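Have a look at final-v3.txt below; it lists compact mmCIF, C-alpha atoms.
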```
# COMPACT_ATOMS: atom_id res chain seq x y z
CA LEU A 189 0.00 0.00 0.00
CA ILE A 190 3.43 2.54 -0.09
CA LEU A 191 5.69 4.03 -2.90
CA GLY A 192 7.41 6.96 -1.17
CA ILE A 193 6.51 10.60 -0.61
CA ALA A 194 7.01 11.82 -4.17
CA VAL A 195 5.02 8.99 -5.69
CA THR A 196 2.41 9.29 -2.96
CA PHE A 197 1.73 12.81 -4.12
CA VAL A 198 1.63 11.85 -7.79
CA ILE A 199 -0.72 8.96 -7.14
CA GLY A 200 -2.64 10.69 -4.42
CA MET A 201 -5.39 9.30 -2.28
CA GLY A 202 -7.95 11.94 -3.04
CA TRP A 203 -10.18 14.08 -0.91
CA TYR A 204 -11.73 11.97 1.81
CA GLY A 205 -14.95 12.85 3.53
CA TYR A 206 -18.24 11.75 4.89
CA GLU A 207 -21.64 11.93 3.16
CA SER A 208 -21.29 8.38 1.83
CA THR A 209 -24.78 8.53 0.33
CA GLN A 210 -23.63 10.94 -2.36
CA PRO A 211 -24.43 9.50 -5.82
CA ASN A 212 -20.92 10.19 -7.11
CA ALA A 213 -19.31 7.79 -4.64
CA VAL A 214 -17.74 4.94 -6.60
CA ALA A 215 -17.18 3.15 -3.29
CA THR A 216 -17.87 3.60 0.40
CA VAL A 217 -15.85 2.38 3.36
CA GLY A 218 -17.95 2.75 6.47
CA PRO A 219 -18.86 6.45 6.65
CA TYR A 220 -16.18 7.44 4.13
CA LYS A 221 -16.61 7.71 0.39
CA VAL A 222 -14.40 7.35 -2.66
CA THR A 223 -15.65 10.08 -4.95
CA LYS A 224 -15.58 9.79 -8.73
CA GLU A 225 -13.27 12.80 -8.79
CA GLU A 226 -10.61 11.29 -6.53
CA TYR A 227 -10.91 7.91 -8.25
CA LEU A 228 -10.27 9.45 -11.68
CA ARG A 229 -7.44 11.58 -10.30
CA THR A 230 -5.85 8.52 -8.71
CA LYS A 231 -6.16 6.53 -11.96
CA GLN A 232 -4.45 9.33 -13.85
CA GLY A 233 -1.68 9.38 -11.27
CA TYR A 234 -1.07 5.67 -11.74
CA TYR A 235 -0.97 6.12 -15.51
CA ARG A 236 1.67 8.84 -15.13
CA PHE A 237 3.67 6.73 -12.70
CA TYR A 238 3.77 3.69 -15.00
CA ARG A 239 4.44 5.80 -18.09
CA ASP A 240 6.99 8.28 -16.72
CA GLN A 241 8.80 6.32 -14.00
CA LEU A 242 8.40 2.67 -14.97
CA LYS A 243 8.43 3.42 -18.72
CA GLN A 244 5.48 1.13 -19.35
CA GLU A 245 3.08 2.28 -22.04
CA ASP A 246 1.02 -0.89 -22.35
CA ILE A 247 -0.47 -1.06 -18.85
CA LYS A 248 -4.03 -2.38 -19.01
CA GLU A 249 -7.00 -0.23 -18.06
CA GLU A 250 -8.32 -2.97 -15.77
CA THR A 251 -5.02 -3.05 -13.88
CA ILE A 252 -5.05 0.71 -13.36
CA GLN A 253 -8.68 0.61 -12.21
CA GLU A 254 -7.90 -2.09 -9.66
CA LEU A 255 -4.78 -0.36 -8.36
CA ALA A 256 -6.56 2.96 -7.97
CA LEU A 257 -9.68 1.60 -6.29
CA GLU A 258 -7.87 -0.87 -4.02
CA GLY A 259 -5.40 1.80 -2.93
CA LEU A 260 -8.18 4.21 -2.00
CA ILE A 261 -10.22 1.55 -0.20
CA THR A 262 -7.20 0.29 1.71
CA THR A 263 -6.28 3.75 2.95
CA LYS A 264 -9.83 4.47 4.03
CA SER A 265 -10.00 1.12 5.84
CA TRP A 266 -6.92 2.06 7.86
CA GLN A 267 -8.48 5.44 8.47
CA LEU A 268 -11.48 3.66 10.00
CA LEU A 269 -9.12 1.81 12.31
CA ALA A 270 -7.49 5.12 13.22
CA ASP A 271 -10.92 6.42 14.19
CA GLU A 272 -11.46 3.38 16.41
CA PHE A 273 -8.09 3.98 18.07
CA HIS A 274 -9.03 7.66 18.53
CA LEU A 275 -5.90 8.73 16.68
CA ALA A 276 -5.56 12.33 15.52
CA VAL A 277 -3.27 14.50 13.40
CA SER A 278 -2.39 17.87 14.91
CA PRO A 279 -2.21 21.04 12.79
CA GLN A 280 1.56 21.08 13.38
CA GLU A 281 1.95 17.48 12.19
CA LEU A 282 -0.01 18.29 9.03
CA HIS A 283 2.01 21.45 8.43
CA ASP A 284 5.31 19.60 8.87
CA ALA A 285 4.26 16.73 6.60
CA ILE A 286 3.42 19.11 3.76
CA ALA A 287 6.33 21.51 4.33
CA ASN A 288 8.80 18.61 4.33
CA GLN A 289 7.45 17.19 1.08
CA LYS A 290 10.13 17.76 -1.52
CA ASP A 291 7.53 17.98 -4.31
CA PHE A 292 6.78 21.48 -2.99
CA HIS A 293 10.38 22.65 -2.51
CA LYS A 294 12.26 25.25 -4.52
CA ASP A 295 15.94 25.76 -3.80
CA GLY A 296 15.66 23.25 -0.98
CA VAL A 297 12.85 24.89 0.98
CA PHE A 298 9.07 24.81 0.96
CA ASP A 299 7.60 27.43 -1.39
CA PRO A 300 3.92 28.28 -0.74
CA GLU A 301 3.35 29.70 -4.23
CA TYR A 302 4.97 26.68 -5.87
CA TYR A 303 2.81 24.46 -3.64
CA GLN A 304 -0.37 26.13 -4.85
CA ARG A 305 0.72 26.00 -8.49
CA ILE A 306 1.37 22.25 -8.29
CA LEU A 307 -2.00 21.68 -6.67
CA ALA A 308 -3.71 23.78 -9.35
CA ALA A 309 -1.96 21.73 -12.05
CA ASN A 310 -3.45 18.63 -10.42
CA ARG A 311 -6.89 20.27 -10.18
CA MET A 312 -6.81 20.43 -6.41
CA LYS A 313 -7.32 23.23 -3.93
CA PRO A 314 -5.16 23.56 -0.81
CA HIS A 315 -7.97 22.59 1.57
CA GLN A 316 -8.63 19.44 -0.48
CA TYR A 317 -5.00 18.36 -0.45
CA GLU A 318 -4.63 19.16 3.23
CA GLN A 319 -7.65 16.99 4.05
CA GLN A 320 -6.16 14.25 1.89
CA ARG A 321 -2.81 14.43 3.68
CA ARG A 322 -4.49 14.51 7.10
CA ASN A 323 -6.32 11.29 6.32
CA GLU A 324 -3.21 9.67 4.85
CA LEU A 325 -1.34 10.52 8.04
CA LEU A 326 -4.14 9.00 10.11
CA ALA A 327 -3.89 5.79 8.10
CA GLU A 328 -0.11 5.80 8.53
CA LYS A 329 -0.52 6.19 12.30
CA ALA A 330 -2.87 3.20 12.41
CA ARG A 331 -0.41 1.08 10.42
CA LEU A 332 2.45 2.15 12.66
CA LEU A 333 0.46 1.29 15.78
CA VAL A 334 -0.19 -2.23 14.49
CA SER A 335 3.43 -2.63 13.41
CA GLU A 336 4.95 -1.42 16.67
CA SER A 337 2.66 -3.63 18.74
CA THR A 338 3.91 -6.73 16.92
CA THR A 339 6.80 -8.43 18.73
CA LEU A 340 8.37 -11.87 18.85
CA THR A 341 7.09 -14.34 21.42
CA PRO A 342 9.55 -16.18 23.70
CA ALA A 343 9.08 -19.29 21.53
CA GLU A 344 9.91 -17.30 18.37
CA THR A 345 12.94 -15.76 20.06
CA GLN A 346 14.14 -19.25 20.95
CA GLU A 347 13.63 -20.31 17.33
CA VAL A 348 15.86 -17.42 16.25
CA LYS A 349 18.60 -18.58 18.62
CA GLU A 350 18.37 -22.16 17.39
CA LEU A 351 18.54 -21.09 13.75
CA ALA A 352 21.57 -18.89 14.46
CA ALA A 353 23.24 -21.82 16.22
CA ARG A 354 22.60 -24.15 13.27
CA GLN A 355 24.25 -21.63 10.95
CA THR A 356 27.35 -21.42 13.17
CA LEU A 357 30.37 -23.65 12.71
CA GLU A 358 30.62 -26.42 15.27
CA GLY A 359 32.43 -25.26 18.40
CA ALA A 360 32.10 -21.57 17.57
CA GLU A 361 29.86 -18.99 19.20
CA PRO A 362 26.96 -17.57 17.14
CA ASP A 363 27.84 -14.23 15.54
CA PRO A 364 25.77 -11.50 17.31
CA ALA A 365 25.36 -9.58 14.04
CA ALA A 366 24.08 -12.66 12.24
CA SER A 367 21.73 -13.46 15.13
CA GLU A 368 20.34 -9.92 15.03
CA GLN A 369 19.84 -10.14 11.27
CA ILE A 370 17.85 -13.36 11.69
CA ARG A 371 15.80 -11.79 14.49
CA MET A 372 14.98 -8.77 12.33
CA GLN A 373 13.96 -11.03 9.44
CA PHE A 374 11.63 -12.97 11.74
CA LEU A 375 10.20 -9.74 13.15
CA MET A 376 9.67 -8.09 9.75
CA GLN A 377 7.88 -11.19 8.45
CA LYS A 378 5.64 -11.23 11.51
CA LYS A 379 4.87 -7.52 11.14
CA GLN A 380 3.96 -8.05 7.49
CA ARG A 381 1.65 -10.92 8.40
CA ALA A 382 0.05 -8.83 11.14
CA MET A 383 -0.53 -5.90 8.78
CA GLN A 384 -2.07 -8.19 6.17
CA ALA A 385 -4.27 -9.89 8.76
CA VAL A 386 -5.60 -6.56 10.05
CA GLN A 387 -6.21 -5.32 6.52
CA THR A 388 -8.07 -8.53 5.64
CA ALA A 389 -10.14 -8.26 8.81
CA LEU A 390 -11.06 -4.67 8.02
CA ARG A 391 -12.27 -5.69 4.57
CA ALA A 392 -14.12 -8.73 5.95
CA ARG A 393 -16.26 -6.63 8.26
CA GLY A 394 -18.50 -5.72 5.34
CA ASP A 395 -17.92 -1.98 5.58
CA VAL A 396 -16.92 -1.75 1.90
CA THR A 397 -19.39 -1.19 -0.94
CA ILE A 398 -18.23 -0.74 -4.54
CA HIS A 399 -20.51 0.83 -7.14
CA LYS A 400 -19.10 -0.73 -10.30
CA GLU A 401 -21.59 1.08 -12.51
CA LEU A 402 -19.86 4.36 -11.65
CA LEU A 403 -16.31 3.22 -12.45
```
Could you rewrite the structure in this file as structure tokens?
Amino acid sequence: LILGIAVTFVIGMGWYGYESTQPNAVATVGPYKVTKEEYLRTKQGYYRFYRDQLKQEDIKEETIQELALEGLITTKSWQLLADEFHLAVSPQELHDAIANQKDFHKDGVFDPEYYQRILAANRMKPHQYEQQRRNELLAEKARLLVSESTTLTPAETQEVKELAARQTLEGAEPDPAASEQIRMQFLMQKKQRAMQAVQTALRARGDVTIHKELL
């Protein structure tokens, strides 16, 4: 669900909001909607990414549709979890996230006029983009909370030690650096499984409705 800050801006996650009964919602996730406008903008961003950065001209329309819609739904699902955790993004956090985004820098610093020109070129107003970034940050906080709460159990830690011992020459002591690398691999795999399990659970709750006739 993550390609880096520059690509995040290009792809975008749209303007999130409530009013899920609006007829232009191509999908709803709980109380949040995916508007036709943000869906089309996200599709266009994926087209530009594949064409300009991956140099692929033959990407299928169905693939772009799926990437755009799934990306938007996934982010909104994590935003729902952020709501349940009562997470929030402060004005300062939002300001720093935007000001530190290199897409809006000129001569190495944030340029407000350049920021507004880029948004205008992408048919967005500042308040729309700021709401988008706020919701993206909420989703990121929810992901981080799940990730940081995932740790190895004593049994898994013992498995790490045993694996490190098996990879050590007979009679020698396990290399601490190698043991730590194995531990980190175990932990990263467990974090990935936890993130996928939460994401699957969020989708399984039945909060997602897709209006295919509007795609």
Query - Long-range neighbours of Leu351 (chain A) as number ranges by chain, 10 Å cut-off, all atoms listed in the file, 6 positions minimum in chain - result: A: 345, 362, 367, 370-371
Query raised in the report: Skipping near chain neighbours, those fewer than 3 positions away, what residues fall within 9 Å of region 329-335 of chain A using all atoms listed in the file, listed as a PyMOL selection string?
Result: chain A and resi 266-271+273+275-277+324-326+338-339+379-380+382-383+386
Mind dumping the selected residues with C-alpha atoms as a CSV table (one decimal), keeping the file's coordinate frame?
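The file below, out-v2.csv, is the result:
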```csv
chain,number,residue,atom,x,y,z
A,266,TRP,CA,-6.9,2.1,7.9
A,267,GLN,CA,-8.5,5.4,8.5
A,268,LEU,CA,-11.5,3.7,10.0
A,269,LEU,CA,-9.1,1.8,12.3
A,270,ALA,CA,-7.5,5.1,13.2
A,271,ASP,CA,-10.9,6.4,14.2
A,273,PHE,CA,-8.1,4.0,18.1
A,275,LEU,CA,-5.9,8.7,16.7
A,276,ALA,CA,-5.6,12.3,15.5
A,277,VAL,CA,-3.3,14.5,13.4
A,324,GLU,CA,-3.2,9.7,4.8
A,325,LEU,CA,-1.3,10.5,8.0
A,326,LEU,CA,-4.1,9.0,10.1
A,338,THR,CA,3.9,-6.7,16.9
A,339,THR,CA,6.8,-8.4,18.7
A,379,LYS,CA,4.9,-7.5,11.1
A,380,GLN,CA,4.0,-8.0,7.5
A,382,ALA,CA,0.0,-8.8,11.1
A,383,MET,CA,-0.5,-5.9,8.8
A,386,VAL,CA,-5.6,-6.6,10.0
```
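Comparing A:Gln316, A:Asp284, A:His399, A:Lys231 by their smallest distance to Lys248 (chain A), the closest is A:Lys231 (using only C-alpha atoms).
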Spatial neighbours of Val222 (chain A), max dist 8 Å, all atoms listed in the file, sep filter under 5 positions, as an mmCIF file with C-alpha atoms, in the coordinates of the input:
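New file around05.cif:
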```cif
data_model
loop_
_atom_site.group_PDB
_atom_site.id
_atom_site.type_symbol
_atom_site.label_atom_id
_atom_site.label_comp_id
_atom_site.auth_asym_id
_atom_site.auth_seq_id
_atom_site.Cartn_x
_atom_site.Cartn_y
_atom_site.Cartn_z
ATOM 1 C CA GLY A 202 -7.950 11.940 -3.040
ATOM 2 C CA TYR A 204 -11.730 11.970 1.810
ATOM 3 C CA ALA A 213 -19.310 7.790 -4.640
ATOM 4 C CA VAL A 214 -17.740 4.940 -6.600
ATOM 5 C CA ALA A 215 -17.180 3.150 -3.290
ATOM 6 C CA THR A 216 -17.870 3.600 0.400
ATOM 7 C CA VAL A 217 -15.850 2.380 3.360
ATOM 8 C CA TYR A 227 -10.910 7.910 -8.250
ATOM 9 C CA LEU A 260 -8.180 4.210 -2.000
ATOM 10 C CA ILE A 261 -10.220 1.550 -0.200
#
```
Report task. Using only C-alpha atoms, collect all residues at a distance of at most 6 Å from (7.6, 21.3, -0.8) as written in the file, then present them as a ChimeraX atom specification. Result -> /A:287-293,298
Store the residues of this selection in a file with C-alpha atoms, as a PDB file, keeping the file's coordinate frame.
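Output contents, as saved in again-v9.pdb:
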```pdb
ATOM      1  CA  ALA A 287       6.330  21.510   4.330  1.00  0.00           C
ATOM      2  CA  ASN A 288       8.800  18.610   4.330  1.00  0.00           C
ATOM      3  CA  GLN A 289       7.450  17.190   1.080  1.00  0.00           C
ATOM      4  CA  LYS A 290      10.130  17.760  -1.520  1.00  0.00           C
ATOM      5  CA  ASP A 291       7.530  17.980  -4.310  1.00  0.00           C
ATOM      6  CA  PHE A 292       6.780  21.480  -2.990  1.00  0.00           C
ATOM      7  CA  HIS A 293      10.380  22.650  -2.510  1.00  0.00           C
ATOM      8  CA  PHE A 298       9.070  24.810   0.960  1.00  0.00           C
TER       9      PHE A 298
END
```
